[in-house]
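Text of start_12.txt (compact mmCIF, C-alpha atoms and all ligand atoms) as supplied:
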# COMPACT_ATOMS: atom_id res chain seq x y z
CA MET T 1044 107.22 91.04 107.02
CA GLY T 1045 105.37 87.90 106.04
CA SER T 1046 105.26 85.91 102.85
CA LEU T 1047 102.57 85.67 100.21
CA ASP T 1048 101.43 82.06 100.04
CA LEU T 1049 99.31 80.41 97.37
CA THR T 1050 98.39 76.94 98.52
CA GLY T 1051 96.71 74.48 96.16
CA VAL T 1052 95.26 77.39 94.19
CA GLU T 1053 93.06 76.67 91.18
CA LEU T 1054 91.01 79.09 89.10
CA VAL T 1055 88.07 78.06 86.96
CA ILE T 1056 86.00 80.69 85.12
CA GLY T 1057 82.94 79.73 83.10
CA GLY T 1058 83.97 76.08 83.10
CA GLN T 1059 87.46 76.95 81.76
CA GLN T 1060 90.45 75.92 83.85
CA ILE T 1061 92.49 79.14 83.95
CA LEU T 1062 94.98 78.10 86.65
CA GLU T 1063 95.89 74.49 87.40
CA GLN T 1064 96.49 73.60 90.99
CA MET T 1065 99.59 75.45 92.17
CA THR T 1066 101.44 76.07 95.40
CA VAL T 1067 103.94 78.89 95.42
CA GLN T 1068 105.44 81.29 97.95
CA PHE T 1069 106.61 84.86 97.37
CA ARG T 1070 108.96 86.23 100.00
CA ALA T 1071 109.58 89.69 101.43
CA GLY T 1072 112.63 91.39 99.97
CA GLU T 1073 112.45 89.39 96.76
CA LEU T 1074 111.57 90.42 93.20
CA THR T 1075 109.97 87.48 91.38
CA ALA T 1076 109.29 87.54 87.65
CA VAL T 1077 106.34 85.52 86.33
CA GLY T 1078 106.93 84.51 82.72
CA GLY T 1079 104.98 82.50 80.18
CA PRO T 1080 103.30 83.01 76.81
CA SER T 1081 100.24 85.17 76.20
CA GLY T 1082 97.20 83.49 77.73
CA SER T 1083 99.25 81.30 80.09
CA GLY T 1084 97.63 82.82 83.18
CA LYS T 1085 100.04 85.52 84.43
CA THR T 1086 97.38 88.22 84.91
CA SER T 1087 95.03 85.65 86.44
CA LEU T 1088 97.73 84.59 88.89
CA LEU T 1089 98.40 88.18 89.98
CA SER T 1090 94.65 88.83 90.30
CA VAL T 1091 94.24 85.84 92.60
CA ALA T 1092 97.45 86.64 94.51
CA GLY T 1093 96.31 90.23 95.12
CA GLY T 1094 92.78 89.38 96.22
CA LEU T 1095 90.93 90.68 93.14
CA LEU T 1096 89.69 87.18 92.29
CA GLN T 1097 88.68 84.35 94.56
CA PRO T 1098 90.46 81.09 93.84
CA THR T 1099 88.02 78.32 92.95
CA HIS T 1100 90.02 75.96 95.15
CA GLY T 1101 92.88 76.52 97.54
CA GLU T 1102 93.97 79.50 99.59
CA THR T 1103 95.88 82.75 99.25
CA ALA T 1104 97.34 84.40 102.33
CA TYR T 1105 99.68 87.26 103.21
CA ALA T 1106 101.30 87.01 106.63
CA GLY T 1107 98.71 84.36 107.44
CA LYS T 1108 95.71 86.58 106.53
CA PRO T 1109 93.53 85.62 103.53
CA LEU T 1110 93.94 87.90 100.50
CA TRP T 1111 90.39 87.30 99.30
CA GLN T 1112 88.16 89.61 101.35
CA GLY T 1113 84.85 88.55 99.85
CA ASP T 1114 84.28 91.44 97.44
CA GLY T 1115 87.28 91.71 95.10
CA ASP T 1116 88.73 94.72 96.92
CA PRO T 1117 92.43 94.23 97.58
CA ARG T 1118 93.79 94.53 101.10
CA PRO T 1119 95.38 97.92 101.86
CA GLU T 1120 98.82 96.25 101.96
CA VAL T 1121 98.55 95.51 98.22
CA ALA T 1122 99.49 97.86 95.35
CA PHE T 1123 98.75 96.83 91.76
CA ILE T 1124 100.30 98.05 88.56
CA LEU T 1125 97.66 96.81 86.14
CA GLN T 1126 98.23 95.77 82.54
CA VAL T 1127 95.55 98.29 81.54
CA TYR T 1128 96.98 100.85 84.00
CA GLY T 1129 93.76 101.43 86.02
CA LEU T 1130 94.15 105.21 85.88
CA VAL T 1131 91.33 107.76 85.82
CA PRO T 1132 91.65 109.32 82.33
CA ILE T 1133 90.09 112.70 83.13
CA LEU T 1134 92.27 113.34 86.17
CA SER T 1135 95.81 114.64 85.97
CA ALA T 1136 98.84 112.42 86.52
CA ARG T 1137 99.36 114.06 89.94
CA GLU T 1138 95.70 113.61 90.96
CA ASN T 1139 95.75 109.91 90.04
CA ILE T 1140 98.56 109.35 92.54
CA SER T 1141 97.35 111.84 95.10
CA ILE T 1142 93.89 110.25 95.44
CA ALA T 1143 95.49 106.90 96.27
CA LEU T 1144 97.45 108.61 99.06
CA ARG T 1145 94.47 110.63 100.33
CA ALA T 1146 92.47 107.39 100.48
CA ARG T 1147 95.17 106.16 102.86
CA GLY T 1148 94.77 109.21 105.09
CA LEU T 1149 97.43 111.63 103.84
CA PRO T 1150 96.41 115.35 103.88
CA PRO T 1151 95.87 116.70 100.33
CA ALA T 1152 98.90 119.03 100.23
CA GLU T 1153 101.23 116.29 101.41
CA ALA T 1154 99.65 113.80 99.00
CA ASP T 1155 100.20 116.18 96.06
CA GLU T 1156 103.80 116.73 97.08
CA ARG T 1157 104.49 112.99 97.36
CA ALA T 1158 102.79 112.47 93.97
CA ASP T 1159 105.18 114.97 92.37
CA THR T 1160 108.18 113.29 93.99
CA GLU T 1161 107.11 109.89 92.67
CA LEU T 1162 106.46 111.26 89.16
CA ALA T 1163 109.97 112.70 89.15
CA ARG T 1164 111.39 109.29 90.16
CA VAL T 1165 109.95 107.81 86.94
CA HIS T 1166 111.23 110.80 84.93
CA ILE T 1167 107.90 112.51 84.24
CA GLY T 1168 108.07 115.15 86.96
CA ASP T 1169 107.08 117.79 84.37
CA LEU T 1170 103.79 116.03 83.50
CA GLY T 1171 101.97 116.25 86.84
CA ASP T 1172 99.32 118.66 85.52
CA ARG T 1173 98.68 116.70 82.32
CA GLN T 1174 95.42 114.75 82.06
CA VAL T 1175 96.13 111.04 81.84
CA GLU T 1176 94.19 110.70 78.56
CA GLU T 1177 96.69 113.12 77.01
CA LEU T 1178 99.72 111.01 77.90
CA SER T 1179 101.51 108.41 75.79
CA GLY T 1180 101.22 104.72 76.65
CA GLY T 1181 104.66 104.65 78.27
CA GLN T 1182 103.92 107.81 80.26
CA MET T 1183 100.63 106.31 81.52
CA GLN T 1184 102.50 103.19 82.49
CA ARG T 1185 104.93 105.27 84.52
CA VAL T 1186 102.09 107.12 86.29
CA ALA T 1187 100.66 103.70 87.25
CA CYS T 1188 104.08 102.65 88.57
CA ALA T 1189 104.57 105.94 90.45
CA ARG T 1190 101.17 105.47 92.11
CA ALA T 1191 102.09 101.97 93.28
CA PHE T 1192 105.46 103.17 94.64
CA ALA T 1193 103.88 106.20 96.35
CA VAL T 1194 101.81 104.15 98.77
CA GLY T 1195 104.73 102.08 100.13
CA ALA T 1196 102.80 98.82 99.86
CA GLU T 1197 103.96 95.55 101.39
CA LEU T 1198 102.91 93.66 98.25
CA VAL T 1199 103.68 95.20 94.86
CA LEU T 1200 102.07 93.23 92.02
CA ALA T 1201 103.02 94.54 88.59
CA ASP T 1202 101.48 93.24 85.37
CA GLU T 1203 103.72 93.89 82.32
CA PRO T 1204 104.93 97.19 83.80
CA THR T 1205 107.59 97.67 81.11
CA SER T 1206 105.62 96.75 77.98
CA GLU T 1207 105.44 100.36 76.71
CA LEU T 1208 108.85 101.50 77.90
CA ASP T 1209 112.11 102.01 76.04
CA GLU T 1210 115.20 100.18 77.25
CA LEU T 1211 116.49 102.98 79.49
CA ASN T 1212 113.15 103.48 81.22
CA ARG T 1213 112.70 99.72 81.54
CA ASP T 1214 116.06 99.35 83.30
CA HIS T 1215 115.27 102.33 85.51
CA LEU T 1216 111.88 100.87 86.43
CA MET T 1217 113.49 97.53 87.26
CA SER T 1218 115.88 99.30 89.62
CA LEU T 1219 112.91 101.05 91.29
CA LEU T 1220 111.15 97.68 91.65
CA HIS T 1221 114.35 96.31 93.22
CA SER T 1222 114.30 99.27 95.64
CA GLU T 1223 110.77 98.26 96.64
CA ALA T 1224 112.06 94.76 97.39
CA ALA T 1225 115.09 96.19 99.21
CA ARG T 1226 112.82 98.05 101.65
CA GLY T 1227 111.19 94.69 102.40
CA ALA T 1228 108.24 94.51 100.00
CA ILE T 1229 107.18 91.37 98.15
CA VAL T 1230 107.46 92.27 94.46
CA VAL T 1231 105.92 90.11 91.74
CA VAL T 1232 106.25 91.17 88.10
CA ALA T 1233 104.43 89.43 85.25
CA SER T 1234 106.33 89.89 82.00
CA HIS T 1235 107.15 88.42 78.61
CA ASP T 1236 110.35 90.43 78.52
CA PRO T 1237 113.53 88.32 78.92
CA ALA T 1238 115.35 91.42 80.24
CA VAL T 1239 112.83 91.66 83.10
CA VAL T 1240 113.18 87.97 83.85
CA ALA T 1241 117.00 88.28 83.80
CA ALA T 1242 116.90 91.21 86.23
CA ALA T 1243 114.67 89.40 88.76
CA ASP T 1244 115.87 87.59 91.89
CA ARG T 1245 113.73 84.62 90.98
CA HIS T 1246 111.71 83.52 88.00
CA ILE T 1247 108.65 81.30 87.77
CA ALA T 1248 107.06 80.30 84.48
CA LEU T 1249 103.49 79.42 83.55
CA ASP T 1250 102.21 77.46 80.60
CA GLU T 1251 98.50 76.91 79.98
CA GLY T 1252 97.73 77.80 83.57
CA GLU T 1253 100.32 75.45 84.99
CA LEU T 1254 103.41 76.33 87.02
CA ILE T 1255 106.20 74.75 84.97
CA ASP T 1256 109.37 76.31 86.35
CA ASP T 1257 110.70 77.95 89.50
CA VAL T 1258 114.26 79.20 89.18
CA GLU T 1259 116.46 81.26 91.46
CA PRO T 1260 119.38 82.49 89.36
CA VAL T 1261 122.83 82.32 90.94
CA ALA T 1262 123.08 86.10 90.69
CA ALA T 1263 120.23 86.38 93.19
CA GLY T 1264 122.62 85.48 96.01
CA ARG T 1265 124.52 88.68 95.37
CA ARG T 1266 121.40 90.81 95.73
CA HIS T 1267 120.39 88.99 98.87
CA SER T 1268 123.63 89.55 100.71
CA GLY T 1269 122.69 91.64 103.69
CA TRP T 1270 119.27 90.04 104.04
N1 LIG R 1301 87.29 86.69 82.97
C1 LIG R 1301 87.66 85.69 82.17
N2 LIG R 1301 86.75 84.85 81.66
C2 LIG R 1301 87.11 83.81 80.88
N3 LIG R 1301 88.37 83.54 80.54
C3 LIG R 1301 89.31 84.36 81.00
C4 LIG R 1301 89.04 85.47 81.85
N4 LIG R 1301 90.20 86.08 82.17
C5 LIG R 1301 91.15 85.40 81.52
N5 LIG R 1301 90.63 84.36 80.82
C6 LIG R 1301 91.39 83.38 80.03
O1 LIG R 1301 92.37 82.82 80.90
C7 LIG R 1301 93.58 82.56 80.21
C8 LIG R 1301 94.72 83.27 80.93
O2 LIG R 1301 94.55 84.67 80.78
P1 LIG R 1301 95.56 85.71 81.42
O3 LIG R 1301 95.03 87.07 81.13
O4 LIG R 1301 95.78 85.34 82.83
O5 LIG R 1301 96.90 85.40 80.57
P2 LIG R 1301 98.28 86.17 80.52
O6 LIG R 1301 99.35 85.16 80.71
O7 LIG R 1301 98.26 87.33 81.45
O8 LIG R 1301 98.32 86.68 79.02
P3 LIG R 1301 99.00 88.01 78.37
O9 LIG R 1301 100.47 87.73 78.32
O10 LIG R 1301 98.38 88.08 77.02
O11 LIG R 1301 98.66 89.17 79.23
C9 LIG R 1301 93.33 83.03 78.78
O12 LIG R 1301 93.02 81.91 78.01
C10 LIG R 1301 92.17 83.99 78.89
O13 LIG R 1301 91.43 84.01 77.71
MG MG R 1302 98.31 89.37 81.14
Written as structure tokens, that's how I'd like the structure from this file.
Amino acid sequence: MGSLDLTGVELVIGGQQILEQMTVQFRAGELTAVGGPSGSGKTSLLSVAGGLLQPTHGETAYAGKPLWQGDGDPRPEVAFILQVYGLVPILSARENISIALRARGLPPAEADERADTELARVHIGDLGDRQVEELSGGQMQRVACARAFAVGAELVLADEPTSELDELNRDHLMSLLHSEAARGAIVVVASHDPAVVAAADRHIALDEGELIDDVEPVAAGRRHSGW
């Protein structure tokens, strides 16, 4: 498994400097939290890192291959959990996950079955038939997480995945994100939540588009034993 490398990345939109020049590496097997106040550039950083946006300057690469593919479509190795969920409202929870799996070549019956398994892992196994527009915010958020976990991506980029969750579900989701890292994925989580930052292996912070901190808590060594 390779690393995700941002090298001298800058983002300018409409003359506004959204991301100042930054160089940062995200490693396989590691859960990194990206903190910083609202408007500091967390979503923009994930969008550039996942290949949705082209950096104005600099390069983004996963395992040496550029993330930007020229059209804003992410590479198949990337799974996003978007801040606005990115679900299809008129489809059921199961269908939202199943279509992502079918798009990756899984037969429909198997895709549906995997979707149900993933919904159960985020404790909404009973809501598979429910249309997404009839779910609560926290339930939608968990469908979006289940979809990202279902595809077994090498890069899992999660934007405020716990913002609508209660404490128990937040802790459970963090343990699922750690499981993604434990199977070798690169996991990057943008969050305001100090509990998310505390549970990460590493924490970087943004302020006004600038990378101001890069901390690997001592506790991270414990999680990394065996790697
Ligand atoms: N498409 C865009 N066009 C112009 N400005 C943008 C665009 N997207 C984001 N911005 C601006 O870039 C800055 C960073 O936005 P971003 O969404 O990355 O912040 P954030 O840290 O994710 O904030 P939040 O915690 O509120 O989600 C903000 O000032 C925002 O207004
Ligand atoms: Mg954001």
All residues having an atom within 8 Å of ligand MG 1302 (chain R) (all atoms listed in the file) as an MDAnalysis selection string
chainID T and resid 1081:1082 1084:1087 1126 1202:1203 1233
List every residue of chain T that has an atom at most 10 Å from any atom of ligand LIG 1301 (chain R), giving for each one its closest atom pair and the distance in Å to one decimal, counting all atoms listed in the file, sorted by chain and then by ascending residue number, as a Markdown table.
| residue | atom | partner | partner_atom | distance |
| --- | --- | --- | --- | --- |
| T:Leu1054 | CA | R:LIG1301 | O1 | 9.1 |
| T:Val1055 | CA | R:LIG1301 | C2 | 8.4 |
| T:Ile1056 | CA | R:LIG1301 | C2 | 5.4 |
| T:Gly1057 | CA | R:LIG1301 | C2 | 6.2 |
| T:Gly1058 | CA | R:LIG1301 | C2 | 8.6 |
| T:Gln1059 | CA | R:LIG1301 | N3 | 6.8 |
| T:Gln1060 | CA | R:LIG1301 | O1 | 7.7 |
| T:Ile1061 | CA | R:LIG1301 | O1 | 4.8 |
| T:Leu1062 | CA | R:LIG1301 | C8 | 7.7 |
| T:Val1077 | CA | R:LIG1301 | O6 | 9.0 |
| T:Gly1078 | CA | R:LIG1301 | O6 | 7.9 |
| T:Gly1079 | CA | R:LIG1301 | O6 | 6.2 |
| T:Pro1080 | CA | R:LIG1301 | O9 | 5.7 |
| T:Ser1081 | CA | R:LIG1301 | O9 | 3.3 |
| T:Gly1082 | CA | R:LIG1301 | O5 | 3.4 |
| T:Ser1083 | CA | R:LIG1301 | O6 | 3.9 |
| T:Gly1084 | CA | R:LIG1301 | O4 | 3.1 |
| T:Lys1085 | CA | R:LIG1301 | O6 | 3.8 |
| T:Thr1086 | CA | R:LIG1301 | O7 | 3.7 |
| T:Ser1087 | CA | R:LIG1301 | O4 | 3.7 |
| T:Leu1088 | CA | R:LIG1301 | O4 | 6.4 |
| T:Leu1089 | CA | R:LIG1301 | O4 | 8.1 |
| T:Ser1090 | CA | R:LIG1301 | O4 | 8.3 |
| T:Val1091 | CA | R:LIG1301 | O4 | 9.9 |
| T:Leu1096 | CA | R:LIG1301 | N1 | 9.6 |
| T:Gln1126 | CA | R:LIG1301 | O11 | 7.4 |
| T:Val1127 | CA | R:LIG1301 | O11 | 9.9 |
| T:Asp1202 | CA | R:LIG1301 | O7 | 7.8 |
| T:Glu1203 | CA | R:LIG1301 | O11 | 7.6 |
| T:Ala1233 | CA | R:LIG1301 | O7 | 7.5 |
| T:Ser1234 | CA | R:LIG1301 | O9 | 7.2 |
| T:His1235 | CA | R:LIG1301 | O9 | 6.7 |
| T:Ala1248 | CA | R:LIG1301 | O6 | 9.9 |
| T:Leu1249 | CA | R:LIG1301 | O6 | 7.6 |
| T:Asp1250 | CA | R:LIG1301 | O6 | 8.2 |
| T:Glu1251 | CA | R:LIG1301 | C8 | 7.5 |
| T:Gly1252 | CA | R:LIG1301 | C8 | 6.8 |
Surrounding residues of Leu1200 of chain T excluding itself and chain neighbours under 4 positions, 12 Å, all atoms listed in the file, as a compact mmCIF listing (two decimals) with C-alpha atoms, in the frame of the given file:
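Heads up, here's the output in part-v5.txt:
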# COMPACT_ATOMS: atom_id res chain seq x y z
CA LEU T 1047 102.57 85.67 100.21
CA PHE T 1069 106.61 84.86 97.37
CA LEU T 1074 111.57 90.42 93.20
CA THR T 1075 109.97 87.48 91.38
CA ALA T 1076 109.29 87.54 87.65
CA VAL T 1077 106.34 85.52 86.33
CA LYS T 1085 100.04 85.52 84.43
CA THR T 1086 97.38 88.22 84.91
CA SER T 1087 95.03 85.65 86.44
CA LEU T 1088 97.73 84.59 88.89
CA LEU T 1089 98.40 88.18 89.98
CA SER T 1090 94.65 88.83 90.30
CA VAL T 1091 94.24 85.84 92.60
CA ALA T 1092 97.45 86.64 94.51
CA GLY T 1093 96.31 90.23 95.12
CA GLY T 1094 92.78 89.38 96.22
CA LEU T 1095 90.93 90.68 93.14
CA PRO T 1117 92.43 94.23 97.58
CA GLU T 1120 98.82 96.25 101.96
CA VAL T 1121 98.55 95.51 98.22
CA ALA T 1122 99.49 97.86 95.35
CA PHE T 1123 98.75 96.83 91.76
CA ILE T 1124 100.30 98.05 88.56
CA LEU T 1125 97.66 96.81 86.14
CA GLN T 1126 98.23 95.77 82.54
CA ALA T 1187 100.66 103.70 87.25
CA CYS T 1188 104.08 102.65 88.57
CA ALA T 1191 102.09 101.97 93.28
CA PHE T 1192 105.46 103.17 94.64
CA ALA T 1196 102.80 98.82 99.86
CA PRO T 1204 104.93 97.19 83.80
CA LEU T 1220 111.15 97.68 91.65
CA GLU T 1223 110.77 98.26 96.64
CA ALA T 1224 112.06 94.76 97.39
CA ALA T 1228 108.24 94.51 100.00
CA ILE T 1229 107.18 91.37 98.15
CA VAL T 1230 107.46 92.27 94.46
CA VAL T 1231 105.92 90.11 91.74
CA VAL T 1232 106.25 91.17 88.10
CA ALA T 1233 104.43 89.43 85.25
CA SER T 1234 106.33 89.89 82.00
List every residue of segment 1049-1079 of chain T that has an atom at most 7 Å from any atom of segment 1099-1112 of chain T, giving for each one its closest atom pair and the distance in Å to one decimal, counting all atoms listed in the file, sorted by chain and then by ascending residue number, as a Markdown table.
| residue | atom | partner | partner_atom | distance |
| --- | --- | --- | --- | --- |
| T:Leu1049 | CA | T:Thr1103 | CA | 4.6 |
| T:Thr1050 | CA | T:Glu1102 | CA | 5.2 |
| T:Gly1051 | CA | T:Gly1101 | CA | 4.6 |
| T:Val1052 | CA | T:Gly1101 | CA | 4.2 |
| T:Glu1053 | CA | T:His1100 | CA | 5.1 |
| T:Leu1054 | CA | T:Thr1099 | CA | 4.9 |
| T:Val1055 | CA | T:Thr1099 | CA | 6.0 |
All residues 9 Å or closer to segment 1175-1186 of chain T, all atoms listed in the file, same chain fewer than 3 positions away omitted, as a ChimeraX atom specification
/T:1124-1128,1130-1137,1139-1140,1161-1162,1165-1167,1170,1189-1191,1204-1209,1216
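Atom pair atom CA of Ile1255 of chain T / atom CA of Arg1070 of chain T has a distance of 19.1 Å (rounded to one decimal).
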Hey, can you check how far atom CA of Ser1141 of chain T sits from atom CA of Val1199 of chain T?
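We find that atom CA of Ser1141 of chain T and atom CA of Val1199 of chain T lie 17.8 Å from each other.
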What is the distance between atom CA of Leu1198 of chain T and atom CA of Ala1071 of chain T, in Å to one decimal?
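Pair atom CA of Leu1198 of chain T / atom CA of Ala1071 of chain T returns 8.4 Å.
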Show me the residues around (113.6, 81.6, 88.7) - criterion: an atom at most 9 Å away, all atoms listed in the file counted - as a short mmCIF file (atom, residue, chain, number, x, y, z; two decimals) with C-alpha atoms, in the coordinates of the input.
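What follows is the written file point11.cif:
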data_model
loop_
_atom_site.label_atom_id
_atom_site.label_comp_id
_atom_site.auth_asym_id
_atom_site.auth_seq_id
_atom_site.Cartn_x
_atom_site.Cartn_y
_atom_site.Cartn_z
CA THR T 1075 109.97 87.48 91.38
CA ALA T 1076 109.29 87.54 87.65
CA VAL T 1077 106.34 85.52 86.33
CA VAL T 1240 113.18 87.97 83.85
CA ALA T 1241 117.00 88.28 83.80
CA ALA T 1243 114.67 89.40 88.76
CA ASP T 1244 115.87 87.59 91.89
CA ARG T 1245 113.73 84.62 90.98
CA HIS T 1246 111.71 83.52 88.00
CA ILE T 1247 108.65 81.30 87.77
CA ALA T 1248 107.06 80.30 84.48
CA ASP T 1256 109.37 76.31 86.35
CA ASP T 1257 110.70 77.95 89.50
CA VAL T 1258 114.26 79.20 89.18
CA GLU T 1259 116.46 81.26 91.46
CA PRO T 1260 119.38 82.49 89.36
#
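Minimum atom-to-atom distance to Pro1098 of chain T, evaluated using only C-alpha atoms, belongs to T:Glu1063 out of T:Glu1063, T:Glu1073, T:Asp1116, T:Glu1197.
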Pick the closest to Gly1129 of chain T from T:Asp1155, T:Leu1254, T:Val1067, T:Ala1143: which is it, counting all atoms listed in the file?
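Once distances to Gly1129 of chain T are computed over all atoms listed in the file, the minimum belongs to T:Ala1143.
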Shortest contact to Ala1238 of chain T, candidates T:Glu1210, T:Asp1114, T:Glu1138, T:Asp1159, atoms counted only C-alpha atoms, goes to T:Glu1210
Would you compute the box with edges along x, y and z of the file around segment 1189-1202 of chain T, including every atom the file lists for it and 6 Å extra on each side, and give its centre and edge lengths in Å to one decimal, as AutoDock Vina command-line options?
--center_x 103.3 --center_y 99.7 --center_z 93.4 --size_x 16.3 --size_y 25.0 --size_z 28.0
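Candidate residues T:Leu1211, T:Ala1163, T:Ala1193, T:Gly1113 were compared for distance to Ile1142 of chain T, and the nearest is T:Ala1193, using only C-alpha atoms.
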